[in-house]
Amino acid sequence: MKTWIEKIDPYNIDETIMQKMGNIIAGGGLVSFPTETVYGLGANAFDEIASLNIFKAKGRPADNPLIVHVTCIEDTKDVVSEIPEAAKALYDAFSPGPLTVIMKKSKKIPYAVTAGLETVAVRIPSHPIARELIKKSGVPIAAPSSNLSGRPSPTIAEHVIKDMDGRIDAVIDGGGCSVGLESTIVDVSGEKPVLLRPGGITFEQLKEVLPDIVIDEHILKSVGKDEHPKCPGMKYKHYAPDAEVYVIEGNKDKVTEKINSLLEENKDKRTGVLSLGKSLYKADLVLDAGCSNIEYANRLFSSLREFDKQGIDIVFAEFCIEDEHALAVQNRLYKSAAGRVIRV
Ligand code: TXA
Ligand code: MG
């Protein structure tokens with residue numbers, strides 16, 4: 001399949017091209033598009049075959065459900081069977097934006113989208129291109145991140161093209177994604193609200209709206225073979241570059257000391273360091289993850305892809321800042337490192 005790649009300026013959207021992209025979705029095709037979090041791979045959420053094609057294009061396990069994107073809370077009516085008060089409160093506070101809410105699904109949403117579950121994940125994105133694509137296609141859009149399954153999520157179109165060229169109908173290149181990590185996921189379908197995946201909206205922010213919210217235990221630990229986490233995506237290898245990643249966590253001076261000795265031990269390999277701020281490591285490639293967890297979140301996935309591009313075998317990622325955005329960065333780092341975390 002030849003993939004149509006088109007640049008669109010998010011601040012001056014070309015309506016004609018967007019209508020063509022919307023028609024592809026409405027007609028059962030697959031279009032990758034930017035959101036404020038990461039690029040999504042979209043299909044008509046009411047179309048069972050189109051949704052199944054997302055799984056094929058990504059090589060995604062069939063039991064990992066998709067997120068359905070709509071432009072406003074009114075449009076969730078066809079997607080969910082009821083909107084709980086907790087969901088309304090969350091959407092009022094944080095939408096449009098990087099938040100996904102799990103509710104009971106409507107009959108119109110095929111089980112292909114929810115991977116057989118009775119619940120569905122719904123997000124109201126703020127990115128102008130994502131919103132325009134939903135409007136032009138005239139249907140809710142089911143979209144996971146637009147990477148091959150297991151790889152870091154794409155934050156620029158170049159990442160999408162690397163993974164998806166020839167596998168999907170079209171890519172809308174709308175530049176970089178401002179958040180850089182996937183949305184925060186909250187399940188309000190049960191008795192107590194549960195944070196299933198940390199993201200741009202922090203746990204502290206959620207707690208202000210839903211004081212009884214709890215954190216799912218699988219966020220910072222590896223999932224055992226026989227475990228069934230509430231968020232099926234948690235049990236898969238995730239965000240993994242080809243390089244072997246190690247997270248070195250603790251006070252900055254100790255972390256620096258430990259990484260220096262690890263670099264010494266691994267001299268025979270092509271080494272990389274993901275450092276907080278500029279640093280003087282003697283590695284083959286040192287990338288600056290910024291000076292805050294917000295910057296780290298924004299640069300993490302593109303850095304992991306850059307290490308691969310430059311043929312790095314082993315990466316040491318610093319993790320030293322404790323703030324309310326730490327949980328989201330730690331969750332992605334731990335998963336990309338498949339649990340290889342060294343605390344100093
Ligand atoms: O920011 C985002 O959320 C991006 C953009 C494109 O919107 N999308 C995204 O999708 O990250 P994906 O497929 O990479 O992650 C969706 C996660 C998976 O871990 C999946 O298991 C979980 O959402 N999920 C979806 N439906 C669910 C449900 N009904 N119950 C529990 N978890 C669900
Ligand atoms: Mg994903």
# chains A, B, ... in the order shown; residues from 1 in each chain; ligands from 1
>>> residues_near_ligand(ligand="ligand 2", cutoff="9 Å", atoms="only C-alpha atoms and all ligand atoms", output="MDAnalysis selection string")
chainID A and resid 38 40 144:153 182 233 238:239
>>> residues_around(residues="Ala283 of chain A", least_positions_apart="4", cutoff="7 Å", atoms="only C-alpha atoms", output="PyMOL selection string")
chain A and resi 263+271-273
>>> residues_around(residues="Arg197 of chain A", least_positions_apart="5", cutoff="7 Å", atoms="only C-alpha atoms", output="PyMOL selection string")
chain A and resi 184-185+219
>>> closest_residue(among="A:Glu15, A:Thr76, A:Ala112, A:Arg332", to="Pro61 of chain A", atoms="only C-alpha atoms")
A:Ala112
>>> atom_distance(atom1="atom CA of Pro125 of chain A", atom2="atom CA of Pro98 of chain A")
6.5 Å
>>> residues_around(residues="Lys309 of chain A", least_positions_apart="6", cutoff="12 Å", atoms="only C-alpha atoms", output="PyMOL selection string")
chain A and resi 158-159+162+241-243+272+285+302-303
>>> residues_around(residues="Pro232 of chain A", least_positions_apart="6", cutoff="10 Å", atoms="only C-alpha atoms", output="PDB file with C-alpha atoms, in the first residue's frame")
ATOM      1  CA  PRO A  61      -2.035  -7.985  20.567  1.00  0.00           C
ATOM      2  CA  ASP A  63      -6.535  -8.170  23.796  1.00  0.00           C
ATOM      3  CA  ASN A  64      -5.205  -4.588  24.059  1.00  0.00           C
ATOM      4  CA  PRO A  65      -8.149  -2.167  23.577  1.00  0.00           C
ATOM      5  CA  ALA A 115     -10.838  -6.026  22.851  1.00  0.00           C
ATOM      6  CA  LEU A 196      -4.520   3.290  35.297  1.00  0.00           C
TER       7      LEU A 196
END
>>> decode(residues="segment 52-63 of chain A", atoms="all heavy atoms", output="mmCIF file, in the first residue's frame")
data_model
loop_
_atom_site.group_PDB
_atom_site.id
_atom_site.type_symbol
_atom_site.label_atom_id
_atom_site.label_comp_id
_atom_site.auth_asym_id
_atom_site.auth_seq_id
_atom_site.Cartn_x
_atom_site.Cartn_y
_atom_site.Cartn_z
ATOM 1 N N LEU A 52 -10.194 -3.457 13.393
ATOM 2 C CA LEU A 52 -9.317 -4.639 13.385
ATOM 3 C C LEU A 52 -8.065 -4.385 12.552
ATOM 4 O O LEU A 52 -6.983 -4.904 12.863
ATOM 5 C CB LEU A 52 -10.072 -5.859 12.840
ATOM 6 C CG LEU A 52 -11.119 -6.446 13.796
ATOM 7 C CD1 LEU A 52 -11.954 -7.519 13.091
ATOM 8 C CD2 LEU A 52 -10.469 -7.027 15.050
ATOM 9 N N ASN A 53 -8.220 -3.562 11.501
ATOM 10 C CA ASN A 53 -7.048 -3.254 10.663
ATOM 11 C C ASN A 53 -5.979 -2.464 11.427
ATOM 12 O O ASN A 53 -4.798 -2.530 11.084
ATOM 13 C CB ASN A 53 -7.484 -2.489 9.410
ATOM 14 C CG ASN A 53 -8.104 -3.439 8.392
ATOM 15 O OD1 ASN A 53 -7.842 -4.652 8.424
ATOM 16 N ND2 ASN A 53 -8.941 -2.913 7.507
ATOM 17 N N ILE A 54 -6.394 -1.703 12.448
ATOM 18 C CA ILE A 54 -5.406 -1.008 13.294
ATOM 19 C C ILE A 54 -4.494 -2.045 13.959
ATOM 20 O O ILE A 54 -3.271 -1.892 14.001
ATOM 21 C CB ILE A 54 -6.094 -0.162 14.395
ATOM 22 C CG1 ILE A 54 -6.838 1.032 13.796
ATOM 23 C CG2 ILE A 54 -5.073 0.303 15.426
ATOM 24 C CD1 ILE A 54 -7.543 1.908 14.833
ATOM 25 N N PHE A 55 -5.104 -3.098 14.490
ATOM 26 C CA PHE A 55 -4.322 -4.137 15.180
ATOM 27 C C PHE A 55 -3.322 -4.781 14.212
ATOM 28 O O PHE A 55 -2.176 -5.039 14.564
ATOM 29 C CB PHE A 55 -5.261 -5.214 15.760
ATOM 30 C CG PHE A 55 -6.053 -4.737 16.947
ATOM 31 C CD1 PHE A 55 -7.208 -3.978 16.777
ATOM 32 C CD2 PHE A 55 -5.643 -5.032 18.235
ATOM 33 C CE1 PHE A 55 -7.941 -3.533 17.873
ATOM 34 C CE2 PHE A 55 -6.357 -4.588 19.340
ATOM 35 C CZ PHE A 55 -7.518 -3.830 19.160
ATOM 36 N N LYS A 56 -3.790 -5.017 12.964
ATOM 37 C CA LYS A 56 -2.909 -5.631 11.951
ATOM 38 C C LYS A 56 -1.745 -4.709 11.623
ATOM 39 O O LYS A 56 -0.596 -5.127 11.562
ATOM 40 C CB LYS A 56 -3.699 -5.878 10.653
ATOM 41 C CG LYS A 56 -4.441 -7.190 10.646
ATOM 42 C CD LYS A 56 -4.888 -7.511 9.215
ATOM 43 C CE LYS A 56 -6.150 -8.335 9.292
ATOM 44 N NZ LYS A 56 -7.068 -8.117 8.178
ATOM 45 N N ALA A 57 -2.054 -3.426 11.381
ATOM 46 C CA ALA A 57 -1.010 -2.484 10.961
ATOM 47 C C ALA A 57 0.061 -2.317 12.042
ATOM 48 O O ALA A 57 1.233 -2.164 11.746
ATOM 49 C CB ALA A 57 -1.636 -1.125 10.628
ATOM 50 N N LYS A 58 -0.348 -2.363 13.321
ATOM 51 C CA LYS A 58 0.609 -2.160 14.425
ATOM 52 C C LYS A 58 1.263 -3.443 14.900
ATOM 53 O O LYS A 58 2.241 -3.402 15.646
ATOM 54 C CB LYS A 58 -0.130 -1.567 15.641
ATOM 55 C CG LYS A 58 -0.457 -0.108 15.557
ATOM 56 C CD LYS A 58 -1.049 0.390 16.879
ATOM 57 C CE LYS A 58 -0.187 0.103 18.078
ATOM 58 N NZ LYS A 58 0.275 1.249 18.844
ATOM 59 N N GLY A 59 0.657 -4.602 14.540
ATOM 60 C CA GLY A 59 1.099 -5.861 15.140
ATOM 61 C C GLY A 59 0.710 -5.861 16.611
ATOM 62 O O GLY A 59 1.441 -6.333 17.473
ATOM 63 N N ARG A 60 -0.470 -5.292 16.906
ATOM 64 C CA ARG A 60 -0.900 -5.118 18.303
ATOM 65 C C ARG A 60 -1.618 -6.372 18.797
ATOM 66 O O ARG A 60 -2.465 -6.919 18.082
ATOM 67 C CB ARG A 60 -1.855 -3.921 18.372
ATOM 68 C CG ARG A 60 -2.335 -3.518 19.768
ATOM 69 C CD ARG A 60 -3.203 -2.282 19.598
ATOM 70 N NE ARG A 60 -3.826 -1.771 20.808
ATOM 71 C CZ ARG A 60 -3.325 -0.782 21.558
ATOM 72 N NH1 ARG A 60 -2.182 -0.248 21.258
ATOM 73 N NH2 ARG A 60 -3.988 -0.329 22.598
ATOM 74 N N PRO A 61 -1.317 -6.830 20.027
ATOM 75 C CA PRO A 61 -2.035 -7.985 20.567
ATOM 76 C C PRO A 61 -3.538 -7.713 20.594
ATOM 77 O O PRO A 61 -3.960 -6.602 20.949
ATOM 78 C CB PRO A 61 -1.490 -8.130 21.989
ATOM 79 C CG PRO A 61 -0.195 -7.395 21.991
ATOM 80 C CD PRO A 61 -0.323 -6.302 20.969
ATOM 81 N N ALA A 62 -4.347 -8.709 20.223
ATOM 82 C CA ALA A 62 -5.792 -8.514 20.061
ATOM 83 C C ALA A 62 -6.491 -8.190 21.372
ATOM 84 O O ALA A 62 -7.611 -7.682 21.367
ATOM 85 C CB ALA A 62 -6.402 -9.764 19.440
ATOM 86 N N ASP A 63 -5.846 -8.441 22.526
ATOM 87 C CA ASP A 63 -6.535 -8.170 23.796
ATOM 88 C C ASP A 63 -6.159 -6.803 24.379
ATOM 89 O O ASP A 63 -6.400 -6.541 25.550
ATOM 90 C CB ASP A 63 -6.241 -9.286 24.816
ATOM 91 C CG ASP A 63 -4.778 -9.326 25.211
ATOM 92 O OD1 ASP A 63 -3.961 -8.654 24.554
ATOM 93 O OD2 ASP A 63 -4.451 -10.017 26.191
#
